[in-house]
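> Handing over structure17.txt, compact mmCIF, C-alpha atoms.
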```
# COMPACT_ATOMS: atom_id res chain seq x y z
CA MET A 21 46.25 -83.59 70.44
CA VAL A 22 47.56 -80.10 69.78
CA ASP A 23 51.34 -79.80 69.92
CA PRO A 24 52.14 -77.26 72.65
CA GLU A 25 55.04 -75.97 70.57
CA VAL A 26 52.80 -75.12 67.61
CA LEU A 27 52.78 -71.46 66.61
CA TRP A 28 49.30 -70.06 67.17
CA GLN A 29 48.31 -67.41 64.63
CA VAL A 30 46.91 -64.28 66.28
CA ALA A 31 44.56 -62.15 64.21
CA GLU A 32 45.20 -58.44 63.92
CA PHE A 33 42.91 -56.30 66.07
CA PRO A 34 41.86 -52.71 65.42
CA ALA A 35 44.17 -50.19 67.02
CA HIS A 36 41.48 -49.03 69.44
CA ALA A 37 40.98 -52.58 70.72
CA ARG A 38 44.52 -53.66 71.43
CA GLY A 39 47.60 -52.74 73.36
CA HIS A 40 48.95 -52.90 76.86
CA ARG A 41 46.88 -50.19 78.51
CA GLY A 42 48.40 -50.34 81.98
CA ALA A 43 46.10 -49.85 84.97
CA PRO A 44 42.36 -50.11 84.27
CA PRO A 45 40.06 -47.12 84.71
CA SER A 46 38.11 -46.52 87.91
CA LEU A 47 35.85 -49.50 88.54
CA PRO A 48 32.90 -50.19 90.82
CA GLN A 49 33.93 -51.21 94.31
CA VAL A 50 32.09 -53.88 96.27
CA PRO A 51 32.86 -54.64 99.94
CA ALA A 52 33.13 -58.17 101.26
CA SER A 53 30.52 -59.15 103.87
CA VAL A 54 32.40 -62.03 105.52
CA GLU A 55 35.94 -63.33 105.72
CA THR A 56 37.23 -66.70 106.87
CA PRO A 57 39.99 -67.19 109.46
CA SER A 58 43.55 -66.56 108.29
CA LEU A 59 45.60 -69.42 106.87
CA PHE A 60 49.36 -69.28 107.28
CA ASP A 61 51.81 -70.88 104.88
CA ASP A 62 54.48 -71.75 107.41
CA GLU A 63 55.29 -74.58 109.76
CA ALA A 64 53.31 -73.04 112.62
CA GLY A 65 50.29 -72.72 110.35
CA GLY A 66 50.53 -76.22 108.92
CA ASN A 67 51.72 -74.86 105.56
CA ALA A 68 48.13 -73.87 104.81
CA ASN A 69 47.59 -71.47 101.91
CA ALA A 70 44.11 -70.51 100.67
CA ASP A 71 43.61 -71.16 96.98
CA ASP A 72 40.28 -72.20 95.45
CA PRO A 73 36.67 -72.26 96.78
CA ALA A 74 33.45 -74.04 95.79
CA ILE A 75 29.94 -73.31 97.06
CA TRP A 76 27.68 -76.19 98.07
CA ARG A 77 24.01 -75.30 98.45
CA ASN A 78 22.01 -77.27 100.99
CA ALA A 79 18.73 -77.59 99.10
CA LYS A 80 16.80 -78.67 102.19
CA ASP A 81 18.18 -75.91 104.42
CA PRO A 82 19.96 -73.18 102.41
CA ASP A 83 21.07 -71.43 105.62
CA ARG A 84 23.30 -74.44 106.25
CA SER A 85 25.04 -74.25 102.89
CA LEU A 86 28.82 -74.61 102.88
CA VAL A 87 31.94 -73.24 101.25
CA ILE A 88 34.53 -75.93 100.53
CA ALA A 89 38.02 -74.60 99.86
CA THR A 90 41.55 -75.82 99.24
CA ALA A 91 44.45 -74.88 101.49
CA LYS A 92 47.24 -76.52 99.46
CA GLU A 93 49.48 -78.56 101.80
CA GLY A 94 46.99 -77.68 104.53
CA GLY A 95 44.35 -79.86 102.83
CA LEU A 96 40.69 -78.82 102.70
CA ARG A 97 38.68 -76.38 104.76
CA VAL A 98 34.89 -76.29 105.10
CA TYR A 99 33.16 -73.06 106.19
CA ASP A 100 29.60 -72.08 107.03
CA LEU A 101 28.00 -68.92 105.62
CA ASP A 102 29.33 -66.85 108.52
CA GLY A 103 32.86 -67.81 107.50
CA ARG A 104 33.38 -70.06 110.52
CA GLN A 105 35.43 -73.21 109.99
CA VAL A 106 33.26 -76.31 110.20
CA GLN A 107 35.81 -78.94 109.22
CA SER A 108 39.49 -79.32 108.33
CA LEU A 109 40.66 -82.32 106.33
CA PRO A 110 44.39 -83.00 105.97
CA ALA A 111 46.09 -83.64 102.67
CA PRO A 112 47.46 -87.20 102.31
CA PRO A 113 50.97 -87.94 103.58
CA PRO A 114 53.88 -88.65 101.20
CA ARG A 115 53.83 -92.05 99.51
CA ARG A 116 57.43 -92.71 100.51
CA ASP A 117 60.32 -90.98 102.27
CA GLY A 118 61.48 -87.96 100.32
CA ASP A 119 58.25 -87.61 98.32
CA ALA A 120 56.02 -84.55 98.50
CA PRO A 121 52.90 -84.74 100.66
CA GLY A 122 49.48 -84.07 99.23
CA ARG A 123 48.84 -80.49 98.14
CA PHE A 124 45.26 -79.61 97.29
CA ASN A 125 45.13 -77.04 94.54
CA ASN A 126 41.61 -76.72 93.10
CA VAL A 127 38.15 -77.98 94.01
CA ASP A 128 34.84 -78.31 92.18
CA LEU A 129 31.50 -80.00 92.88
CA ILE A 130 29.37 -82.67 91.23
CA SER A 131 25.69 -82.64 92.16
CA GLY A 132 24.07 -86.06 92.28
CA LEU A 133 26.99 -88.31 91.32
CA ARG A 134 25.46 -91.70 90.57
CA PHE A 135 26.44 -94.18 93.29
CA PRO A 136 24.93 -97.69 93.44
CA ASP A 137 22.86 -96.62 96.46
CA GLY A 138 21.64 -93.43 94.79
CA PRO A 139 22.92 -89.93 93.96
CA HIS A 140 25.30 -88.06 96.25
CA ASP A 141 26.91 -84.63 95.97
CA VAL A 142 30.70 -84.78 95.96
CA ALA A 143 33.68 -82.43 95.99
CA VAL A 144 36.50 -83.29 93.56
CA VAL A 145 40.01 -82.03 94.34
CA SER A 146 43.25 -81.87 92.36
CA ASP A 147 46.17 -83.12 94.47
CA ARG A 148 49.19 -81.35 93.04
CA GLY A 149 51.57 -82.99 95.51
CA ARG A 150 50.68 -86.58 94.52
CA ASP A 151 49.35 -86.05 90.96
CA GLN A 152 45.94 -87.51 91.75
CA LEU A 153 42.29 -86.61 92.09
CA ARG A 154 40.52 -87.03 95.41
CA VAL A 155 36.78 -87.24 95.96
CA TYR A 156 34.78 -86.32 99.08
CA ARG A 157 31.10 -87.14 99.60
CA ILE A 158 29.07 -84.31 101.14
CA ASP A 159 26.81 -85.52 103.95
CA ALA A 160 24.64 -82.69 105.33
CA GLY A 161 23.60 -84.88 108.27
CA ARG A 162 27.16 -84.89 109.62
CA THR A 163 27.03 -81.31 110.85
CA GLY A 164 30.52 -81.27 112.37
CA ALA A 165 32.20 -83.27 109.60
CA PRO A 166 30.11 -83.07 106.42
CA LEU A 167 32.88 -84.22 104.05
CA VAL A 168 33.90 -87.87 103.89
CA ASP A 169 36.86 -89.06 101.80
CA VAL A 170 35.55 -91.67 99.34
CA THR A 171 38.59 -91.85 97.06
CA ASP A 172 39.20 -95.38 95.82
CA GLU A 173 42.97 -95.62 96.30
CA SER A 174 43.12 -98.74 94.12
CA ALA A 175 41.58 -96.83 91.20
CA ALA A 176 43.16 -93.39 91.55
CA PRO A 177 46.05 -93.44 89.06
CA LEU A 178 48.58 -90.69 88.47
CA VAL A 179 46.99 -88.11 86.20
CA PHE A 180 50.00 -86.92 84.21
CA SER A 181 53.14 -88.58 85.60
CA ALA A 182 54.64 -91.89 84.49
CA GLY A 183 55.73 -92.81 88.00
CA PRO A 184 56.65 -91.51 91.46
CA ASP A 185 60.01 -90.17 90.33
CA GLU A 186 58.24 -87.97 87.78
CA VAL A 187 55.73 -86.86 90.43
CA ALA A 188 58.70 -85.49 92.36
CA ASP A 189 59.22 -82.93 89.57
CA GLN A 190 55.75 -81.55 90.46
CA ARG A 191 54.51 -81.24 86.88
CA THR A 192 51.30 -82.60 88.24
CA ALA A 193 47.51 -82.12 88.42
CA TYR A 194 46.86 -78.43 88.99
CA GLY A 195 43.65 -76.68 87.91
CA LEU A 196 40.33 -78.53 87.94
CA ALA A 197 36.73 -78.22 86.76
CA ALA A 198 34.05 -80.91 87.07
CA TYR A 199 30.73 -81.55 85.33
CA THR A 200 28.06 -84.10 84.49
CA ASP A 201 27.30 -84.75 80.84
CA ARG A 202 23.61 -84.07 80.26
CA ARG A 203 23.20 -86.70 77.55
CA SER A 204 24.91 -89.65 79.20
CA GLY A 205 24.64 -88.75 82.90
CA ARG A 206 28.33 -89.59 83.32
CA SER A 207 30.49 -87.29 85.43
CA PHE A 208 33.94 -86.01 84.57
CA ALA A 209 36.76 -83.78 85.79
CA VAL A 210 39.08 -81.75 83.58
CA THR A 211 42.51 -81.11 85.05
CA SER A 212 45.46 -79.04 83.88
CA ARG A 213 49.15 -79.80 84.33
CA ARG A 214 51.46 -77.53 86.32
CA HIS A 215 54.21 -75.82 84.28
CA ALA A 216 52.73 -77.25 81.07
CA THR A 217 49.86 -76.63 78.68
CA ALA A 218 48.30 -80.11 78.92
CA LEU A 219 44.67 -80.80 79.86
CA ALA A 220 43.27 -84.21 80.82
CA LEU A 221 39.68 -85.45 80.93
CA ALA A 222 38.97 -88.08 83.61
CA GLU A 223 35.71 -89.97 84.13
CA LEU A 224 34.62 -90.42 87.75
CA LEU A 225 33.71 -94.05 88.53
CA PRO A 226 31.69 -94.78 91.69
CA THR A 227 32.03 -98.35 92.97
CA ALA A 228 29.68 -100.76 94.73
CA ARG A 229 31.61 -100.09 97.95
CA GLY A 230 30.68 -96.41 97.88
CA LYS A 231 34.14 -95.28 96.75
CA VAL A 232 35.08 -93.28 93.65
CA GLY A 233 37.91 -93.96 91.24
CA TYR A 234 38.60 -92.48 87.84
CA ARG A 235 40.10 -93.17 84.44
CA THR A 236 41.68 -90.83 81.90
CA VAL A 237 39.54 -90.52 78.79
CA ARG A 238 41.69 -88.22 76.65
CA THR A 239 44.23 -85.41 76.78
CA THR A 240 45.01 -82.34 74.73
CA SER A 241 47.36 -79.36 74.96
CA LEU A 242 46.95 -75.66 74.42
CA PRO A 243 49.56 -73.70 72.46
CA ALA A 244 52.73 -72.41 74.07
CA SER A 245 53.91 -70.16 71.21
CA PHE A 246 52.01 -67.66 69.10
CA ARG A 247 52.49 -66.01 65.71
CA LEU A 248 51.88 -62.28 66.11
CA PRO A 249 50.36 -60.02 63.44
CA ASP A 250 53.78 -58.50 62.70
CA GLY A 251 55.16 -61.94 61.82
CA ARG A 252 57.17 -62.46 64.98
CA THR A 253 56.82 -65.51 67.21
CA TRP A 254 56.02 -64.92 70.87
CA THR A 255 56.25 -67.27 73.82
CA PRO A 256 55.31 -65.97 77.28
CA CYS A 257 58.42 -65.48 79.37
CA GLY A 258 58.90 -67.86 82.27
CA GLU A 259 61.47 -69.83 84.16
CA PRO A 260 63.49 -72.01 81.77
CA GLY A 261 61.74 -75.28 81.03
CA GLU A 262 58.31 -74.07 82.10
CA LEU A 263 55.46 -73.57 79.64
CA PRO A 264 52.52 -71.16 80.14
CA GLN A 265 50.25 -73.13 82.46
CA VAL A 266 46.49 -73.22 82.99
CA GLU A 267 44.90 -73.10 86.45
CA GLY A 268 41.54 -71.34 86.58
CA MET A 269 38.88 -73.35 84.76
CA VAL A 270 35.10 -73.59 84.73
CA ILE A 271 32.57 -75.55 82.68
CA ASP A 272 29.35 -73.94 81.49
CA PRO A 273 26.64 -76.39 82.61
CA ASP A 274 24.25 -75.15 79.93
CA THR A 275 26.50 -75.41 76.88
CA GLY A 276 29.19 -77.89 77.90
CA ASP A 277 31.89 -75.32 77.11
CA LEU A 278 35.13 -75.28 79.06
CA TYR A 279 36.71 -71.91 79.83
CA ALA A 280 40.41 -72.29 80.66
CA GLY A 281 42.61 -69.48 81.93
CA GLN A 282 46.16 -69.75 80.61
CA GLU A 283 47.78 -67.47 83.14
CA ASP A 284 50.11 -65.38 80.94
CA VAL A 285 48.05 -65.69 77.75
CA GLY A 286 44.28 -65.30 78.28
CA ILE A 287 41.02 -67.25 78.33
CA TRP A 288 40.43 -70.19 76.00
CA LYS A 289 37.09 -71.78 75.13
CA LEU A 290 36.60 -75.38 73.98
CA ASP A 291 34.30 -78.33 74.50
CA ALA A 292 34.60 -79.82 77.97
CA ASP A 293 35.17 -83.26 76.43
CA LEU A 294 38.38 -81.80 74.87
CA ARG A 295 37.36 -82.85 71.36
CA SER A 296 37.00 -79.40 69.78
CA PRO A 297 39.67 -76.89 68.75
CA ALA A 298 40.36 -74.24 71.38
CA ARG A 299 39.58 -70.56 70.71
CA LEU A 300 41.40 -67.74 72.48
CA ILE A 301 38.48 -65.46 73.37
CA GLU A 302 40.27 -62.92 75.60
CA LYS A 303 43.96 -61.98 75.86
CA VAL A 304 45.89 -60.47 78.76
CA ARG A 305 47.22 -56.95 78.39
CA SER A 306 50.82 -58.18 78.15
CA PHE A 307 50.10 -60.64 75.32
CA GLY A 308 52.94 -60.36 72.80
CA VAL A 309 55.28 -58.43 75.10
CA PRO A 310 58.76 -59.97 74.83
CA GLY A 311 60.52 -60.94 78.01
CA THR A 312 63.83 -62.36 79.19
CA TRP A 313 64.22 -64.48 82.28
CA ASN A 314 66.50 -62.85 84.84
CA PRO A 315 68.08 -65.50 87.12
CA GLN A 316 69.19 -62.85 89.63
CA THR A 317 65.71 -61.49 90.27
CA GLU A 318 63.93 -64.73 89.25
CA GLU A 319 61.54 -62.58 87.22
CA CYS A 320 61.12 -61.63 83.59
CA ASP A 321 62.55 -58.40 82.23
CA ALA A 322 59.91 -57.07 79.84
CA GLY A 323 60.65 -55.48 76.48
CA ALA A 324 58.67 -52.96 74.47
CA ASP A 325 54.94 -53.56 74.14
CA PRO A 326 54.01 -54.20 70.48
CA GLY A 327 50.33 -53.48 71.17
CA PHE A 328 48.73 -56.86 70.55
CA GLY A 329 47.33 -57.46 74.03
CA GLY A 330 43.82 -57.29 75.38
CA ARG A 331 42.28 -54.51 77.43
CA HIS A 332 40.59 -56.15 80.40
CA LEU A 333 42.89 -58.71 82.08
CA THR A 334 46.29 -58.23 83.68
CA ALA A 335 48.26 -61.45 84.04
CA ASP A 336 47.83 -63.76 85.70
CA VAL A 337 44.36 -64.85 84.59
CA GLU A 338 43.17 -66.86 87.59
CA GLY A 339 39.80 -67.88 89.05
CA LEU A 340 37.01 -68.39 86.50
CA THR A 341 33.41 -68.92 87.57
CA ILE A 342 29.98 -68.77 85.91
CA TRP A 343 27.13 -66.65 87.24
CA ARG A 344 23.86 -67.99 85.90
CA ASP A 345 20.90 -65.62 85.66
CA PRO A 346 18.31 -67.00 88.12
CA GLU A 347 15.47 -65.79 85.88
CA HIS A 348 16.87 -67.44 82.73
CA PRO A 349 19.63 -69.81 83.89
CA ARG A 350 19.90 -71.61 80.58
CA ARG A 351 19.99 -68.52 78.39
CA ALA A 352 21.82 -65.77 80.20
CA GLY A 353 24.47 -64.98 82.74
CA TYR A 354 28.12 -64.09 83.00
CA LEU A 355 31.64 -65.44 83.12
CA LEU A 356 33.69 -63.85 85.91
CA ALA A 357 37.49 -63.87 85.79
CA SER A 358 40.11 -62.85 88.33
CA SER A 359 42.58 -60.38 86.86
CA GLN A 360 45.25 -61.10 89.42
CA GLY A 361 47.86 -58.63 88.23
CA ASP A 362 45.73 -55.56 89.03
CA ASP A 363 43.47 -56.96 91.80
CA THR A 364 40.29 -56.67 89.72
CA PHE A 365 37.60 -58.96 88.31
CA ALA A 366 36.26 -58.91 84.75
CA VAL A 367 32.69 -59.77 83.70
CA PHE A 368 31.87 -61.30 80.31
CA ASP A 369 28.35 -61.78 78.92
CA ARG A 370 27.65 -65.42 77.97
CA GLU A 371 24.56 -64.45 75.97
CA ARG A 372 26.50 -61.94 73.85
CA GLY A 373 29.30 -64.24 72.78
CA ASP A 374 31.37 -63.68 75.93
CA ALA A 375 31.66 -59.95 75.25
CA TYR A 376 33.27 -57.91 78.01
CA VAL A 377 30.73 -56.02 80.14
CA ARG A 378 32.72 -54.29 82.88
CA GLY A 379 35.04 -54.92 85.79
CA PHE A 380 34.93 -54.44 89.55
CA ARG A 381 37.07 -54.55 92.66
CA ILE A 382 36.39 -56.19 96.02
CA THR A 383 37.42 -53.72 98.68
CA ALA A 384 37.36 -53.25 102.43
CA GLY A 385 34.12 -52.28 104.12
CA SER A 386 33.68 -48.92 105.84
CA ARG A 387 32.57 -50.11 109.27
CA PRO A 388 35.16 -50.83 111.99
CA GLY A 389 36.35 -54.43 111.89
CA ALA A 390 34.94 -55.03 108.39
CA PRO A 391 36.79 -57.51 106.16
CA ASP A 392 39.49 -56.14 103.90
CA GLY A 393 39.25 -56.59 100.14
CA SER A 394 40.75 -59.20 97.84
CA GLN A 395 44.22 -58.86 96.39
CA GLU A 396 46.18 -61.23 94.15
CA CYS A 397 43.09 -63.42 93.88
CA ASP A 398 43.53 -67.05 92.83
CA GLY A 399 40.24 -68.96 92.94
CA ALA A 400 36.62 -67.80 92.80
CA ALA A 401 33.15 -69.36 92.91
CA VAL A 402 29.69 -67.86 92.46
CA THR A 403 26.08 -68.95 92.77
CA SER A 404 22.94 -66.95 92.07
CA ALA A 405 20.82 -69.43 94.05
CA PRO A 406 19.44 -68.02 97.33
CA LEU A 407 21.42 -69.10 100.38
CA GLY A 408 19.00 -68.46 103.22
CA ARG A 409 18.85 -65.33 105.31
CA ARG A 410 22.53 -64.53 105.03
CA PHE A 411 22.77 -64.38 101.23
CA PRO A 412 19.24 -64.38 99.78
CA ASN A 413 20.44 -63.16 96.38
CA GLY A 414 23.38 -65.52 96.04
CA LEU A 415 27.07 -65.44 96.88
CA LEU A 416 30.49 -64.80 95.36
CA VAL A 417 33.49 -66.31 97.20
CA VAL A 418 37.02 -65.23 96.27
CA GLN A 419 40.46 -66.01 97.57
CA ASP A 420 42.45 -63.18 99.10
CA GLY A 421 46.14 -63.72 98.46
CA ALA A 422 47.29 -60.85 100.68
CA ASN A 423 45.05 -60.68 103.71
CA THR A 424 45.47 -57.50 105.75
CA PRO A 425 46.45 -56.15 108.17
CA GLY A 426 48.80 -59.14 108.15
CA THR A 427 50.61 -60.96 110.93
CA THR A 428 54.22 -61.39 111.99
CA GLY A 429 55.74 -64.47 113.55
CA SER A 430 57.83 -64.78 116.71
CA ASP A 431 60.92 -64.00 114.62
CA GLY A 432 59.41 -60.68 113.51
CA GLU A 433 59.05 -61.81 109.92
CA ALA A 434 55.78 -61.33 108.06
CA ARG A 435 53.71 -64.50 107.69
CA THR A 436 52.01 -65.42 104.42
CA ASP A 437 48.41 -64.68 105.39
CA THR A 438 45.57 -65.75 103.06
CA ASP A 439 41.84 -66.32 103.43
CA PHE A 440 38.52 -66.21 101.56
CA LYS A 441 36.11 -63.31 101.19
CA PHE A 442 32.31 -63.70 100.87
CA VAL A 443 30.52 -61.07 98.76
CA ASP A 444 26.74 -60.61 98.73
CA LEU A 445 25.71 -61.17 95.12
CA GLY A 446 22.79 -58.74 95.32
CA ARG A 447 25.15 -56.01 96.44
CA LEU A 448 27.53 -56.88 93.61
CA GLN A 449 24.72 -56.77 91.04
CA ARG A 450 23.68 -53.32 92.18
CA ALA A 451 27.25 -52.00 92.15
CA VAL A 452 28.14 -53.44 88.76
CA ARG A 453 24.65 -52.81 87.29
CA LEU A 454 24.07 -56.29 85.94
```
Could I get this file's structure written as structure tokens?

Amino acid sequence: MVDPEVLWQVAEFPAHARGHRGAPPSLPQVPASVETPSLFDDEAGGNANADDPAIWRNAKDPDRSLVIATAKEGGLRVYDLDGRQVQSLPAPPPRRDGDAPGRFNNVDLISGLRFPDGPHDVAVVSDRGRDQLRVYRIDAGRTGAPLVDVTDESAAPLVFSAGPDEVADQRTAYGLAAYTDRRSGRSFAVTSRRHATALALAELLPTARGKVGYRTVRTTSLPASFRLPDGRTWTPCGEPGELPQVEGMVIDPDTGDLYAGQEDVGIWKLDADLRSPARLIEKVRSFGVPGTWNPQTEECDAGADPGFGGRHLTADVEGLTIWRDPEHPRRAGYLLASSQGDDTFAVFDRERGDAYVRGFRITAGSRPGAPDGSQECDGAAVTSAPLGRRFPNGLLVVQDGANTPGTTGSDGEARTDTDFKFVDLGRLQRAVRL
């Protein structure tokens, strides 16, 4: 295990390739084709807050493919390709009085999880409220309720916490990425810990009763402090007691590499089984900028930029997703990352050692009533597989953290309004020239 307090040595970069550059240059703009209904993070809205999507392709009928998405305390939402809600599944209630209820943070899919009665596709969810994983079988025949909770409660231990009192501190399961090991056929989920740098690898364990439990295989931690080229030590500024956390994660199905977005640091790459050393392959622009926590504003007051940051991502680094080239899915394609701080997305070439290609923005369409763009994006998911008539070239789904035009409640106060935007992948390819 890597000690999160270890000082991580940062290599010097050429002057032309480093520094906090501020706003990025003009980027291609791609309109969203579809948006889902608004979710409202208040009592009237069931404390629902859009966060992370996953795309499930119906191989027998691609037009009936689904988008499965987390809504935090609002549980899970399932949408069709027109953005209409198909199903809503609640998060679990609190274990005991005074405890937090379930709060679904991230979701990913396993195709063909090996059950005793045969393979089934499942959605795996990180429950931040209860520090657990939950598993839902996807049943295309149940058109009005395709997801079925198959979590084995007797074999779903706390992921990071020692007990319920520690769960109450909410340093719990946060980001999530799932995969099946090609050599063994066993399926796993990697989770990150909120307000910490820890990662945990859990093996999914289907039972004879058709349920799914899990066991922790190993853990590791990413660095929290870094040695800069000028000899100084830098730790990203945050609320006292909180370390720079990871949320956005994705596993390359072709290489078995895990990409992990440490929000205020950058993108790390390591083996999905957490056995290899982690490499920081892309830094945020503000990397190395000193900061002091201001308790009055509850924000960090930034100091002078020493010029050691990256050029393409503005903190926070959020949703990571892999776009596989349909012509050469095992040799080519791209890593997409949400650059939340400037409302853009960055594209990195997997075939060229994850080199940066270009960025883009998701914006509002020009026709009346068209969806707005994506701002403050958390989660993202992409597939290049054809999804019927609606998205024959594939689909990108992104969270919109500031849906417009926005809504006010009966008290006149603005409501937190979030949703998901669907982007035609063919249109994106043409705009970004990939």
> Quick one, how far is atom CA of Asp147 of chain A from atom CA of Asp284 of chain A?
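If I compute the distance from atom CA of Asp147 of chain A to atom CA of Asp284 of chain A, I get 22.7 Å.
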> Could you list, with a cut-off of 6 Å and counting only C-alpha atoms, the residues of segment 291-399 of chain A near segment 410-422 of chain A, each shown with its nearest atom pair and the distance in Å rounded to one decimal, rows sorted by chain and ascending number, as a tab-separated table?

```
residue	atom	partner	partner_atom	distance
A:Ser394	CA	A:Asp420	CA	4.5
A:Gln395	CA	A:Asp420	CA	5.4
A:Glu396	CA	A:Gly421	CA	5.0
A:Cys397	CA	A:Gln419	CA	5.2
A:Asp398	CA	A:Gln419	CA	5.7
A:Gly399	CA	A:Gln419	CA	5.5
```
> Using all atoms listed in the file, find the one residue out of A:Ala74, A:Ala292, A:Leu47, A:Leu340 that sits nearest to Ala220 of chain A.
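Smallest distance to Ala220 of chain A is found for A:Ala292.
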> Can you pull out the residues contacting segment 78-93 of chain A? Cut-off 8 Å, using only C-alpha atoms, and skip same-chain residues under 6 positions away; I want them as a count of residues only.
28
> Using all atoms listed in the file and a cutoff of 9 Å, can you tell me which residues are near (34.7, -60.4, 100.0) in the file's coordinates, and write them out as an MDAnalysis selection string?
chainID A and resid 50:55 382:384 391:394 416:420 440:444
> Hey, which of A:Gly426, A:Gly385, A:Pro177, A:Gly353 ends up closest to Glu371 of chain A? Count only C-alpha atoms.
A:Gly353
> Given the choices A:Pro184, A:Gly161, A:Pro260, A:Gly65, which gets closest to Trp313 of chain A if the distance is worked out from only C-alpha atoms?
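The shortest atom-to-atom distance to Trp313 of chain A comes from A:Pro260.
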> Could I get segment 304-309 of chain A from the block written out with all heavy atoms, as a compact mmCIF listing (two decimals), in the first residue's frame?

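Saved to part-v3.txt:
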```txt
# COMPACT_ATOMS: atom_id res chain seq x y z
N VAL A 304 -3.89 18.75 -13.44
CA VAL A 304 -4.79 19.89 -13.60
C VAL A 304 -3.96 21.17 -13.70
O VAL A 304 -2.78 21.21 -13.33
CB VAL A 304 -5.78 20.00 -12.42
CG1 VAL A 304 -6.68 18.77 -12.35
CG2 VAL A 304 -5.04 20.20 -11.10
N ARG A 305 -4.57 22.21 -14.24
CA ARG A 305 -3.86 23.48 -14.41
C ARG A 305 -3.35 24.04 -13.08
O ARG A 305 -2.29 24.66 -13.03
CB ARG A 305 -4.78 24.50 -15.08
CG ARG A 305 -5.08 24.20 -16.55
CD ARG A 305 -5.94 25.30 -17.16
NE ARG A 305 -6.06 25.15 -18.61
CZ ARG A 305 -7.00 24.43 -19.21
NH1 ARG A 305 -7.91 23.80 -18.49
NH2 ARG A 305 -7.02 24.34 -20.53
N SER A 306 -4.10 23.84 -12.01
CA SER A 306 -3.75 24.43 -10.71
C SER A 306 -2.81 23.56 -9.90
O SER A 306 -2.55 23.85 -8.72
CB SER A 306 -5.02 24.70 -9.91
OG SER A 306 -5.79 23.52 -9.76
N PHE A 307 -2.26 22.50 -10.50
CA PHE A 307 -1.33 21.63 -9.77
C PHE A 307 -0.15 22.47 -9.27
O PHE A 307 0.49 23.20 -10.03
CB PHE A 307 -0.83 20.52 -10.70
CG PHE A 307 0.02 19.49 -10.02
CD1 PHE A 307 -0.53 18.29 -9.59
CD2 PHE A 307 1.38 19.71 -9.82
CE1 PHE A 307 0.26 17.34 -8.96
CE2 PHE A 307 2.17 18.77 -9.19
CZ PHE A 307 1.60 17.58 -8.76
N GLY A 308 0.14 22.37 -7.98
CA GLY A 308 1.25 23.10 -7.39
C GLY A 308 0.91 24.48 -6.87
O GLY A 308 1.74 25.11 -6.19
N VAL A 309 -0.30 24.97 -7.15
CA VAL A 309 -0.69 26.29 -6.66
C VAL A 309 -1.00 26.20 -5.17
O VAL A 309 -1.87 25.44 -4.75
CB VAL A 309 -1.91 26.82 -7.43
CG1 VAL A 309 -2.39 28.15 -6.83
CG2 VAL A 309 -1.59 26.98 -8.90
```
